[in-house]
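Notes to accompany the following structure.
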Amino acid sequence: KHRQYQQRYQVTCALQRRGGEKAHNGTERYRQQEYPQRPAALLFAFLFILTVTVCQVTNLAFLINNLSHGAGTERATCVIANGLADFGYKVTILSCREGMEYKFPISDKVSVVSLKGEEVKNRVLRKAMLLKRLKEVIDREGIEILVAVDVILIYYLLGVKAIHHTLKIIAWEHFNFYAKRSLARRLARRLSAKYADAIVVLGERDLKNYKDKL
């Protein structure tokens, strides 16, 4: 099973690298077969977490690497942010880089803030700067819950939570459990499983993997 996951993921990456309509359609067929896109189900998952796990929270933010990218992660973030805003939540999307020019529609009820990580070239200094600006936005906006759009961003959430102990954090997994198995991502998944208030995964199979292996 592990080998099948890896082979299918490698095929998907190859299709993405080749580009063109054929590659795009092949990638979409793969995604729909393994994990169909269900915005309504995702929205329900977040509403369930917000109403049951962290009651009375009305101000939340999504932290994403770069909202200006036009991939599925950015699309899903915009869809869920719009849906939660329609339910009366105050929603902010925080983009680590750029982000003010986005590819998908965003409701007027949703605020978009760029942390402008592209201004700092040094990787270490950039991470420190992003953490500082993230804390400033949380203080200014009164954010009560922070969602990492991709578990790799959990490091920033944990850094802020060390200062804001009442802040609730959610890790949102966008890849299957056996994809992107770098050391940093494996550690991020383990930290998410241990310290996040909730984790949103792709499906029941990954939910079982998180429970059994982390």
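By convention here, the chains of the structure tokens are called A, B, ... in the order presented, each chain's residues are numbered starting at 1, and ligands are numbered starting at 1 in the order presented.
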Leaving out Asn209 in chain A and any residue of its chain fewer than 5 positions from it, which residues lie within 10 Å of it when counting only C-alpha atoms, given as a ChimeraX atom specification? /A:176-178,204,214
Which distance in Å separates CA of Leu183 in chain A and CA of Ile152 in chain A, to one decimal?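 Separation between CA of Leu183 in chain A and CA of Ile152 in chain A: 10.6 Å.
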Which of these residues is nearest to Tyr155 in chain A, using only C-alpha atoms: A:Lys168, A:Lys135, A:His174, A:Lys127? A:Lys127
Select, from A:Lys208, A:Arg189, A:Arg123, A:Arg75, the residue with the minimum atom-to-atom distance to Asp150 in chain A, counting only C-alpha atoms.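 Among A:Lys208, A:Arg189, A:Arg123, A:Arg75, it is A:Arg189 that comes nearest to Asp150 in chain A.
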Please provide as a list in words all residues within 7 Å of Leu63 in chain A, with the sequence filter that same-chain residues fewer than 5 positions apart are discarded (counting only C-alpha atoms). Ile93, Leu94, Ser95, Val147, Ala148 and Val149 of chain A
If you run DSSP on this backbone, which residues of range 112-192 of chain A come out as helix (DSSP H, G or I), and could you give them as number ranges by chain? A: 117-119, 123-141, 151-161, 183-192
Excluding Ala193 in chain A and any residue of its chain fewer than 2 positions from it, enumerate the residues within 10 Å of it, using only C-alpha atoms, and give them as a ChimeraX atom specification. /A:151,171,187-191,195-199,210-211,213-214
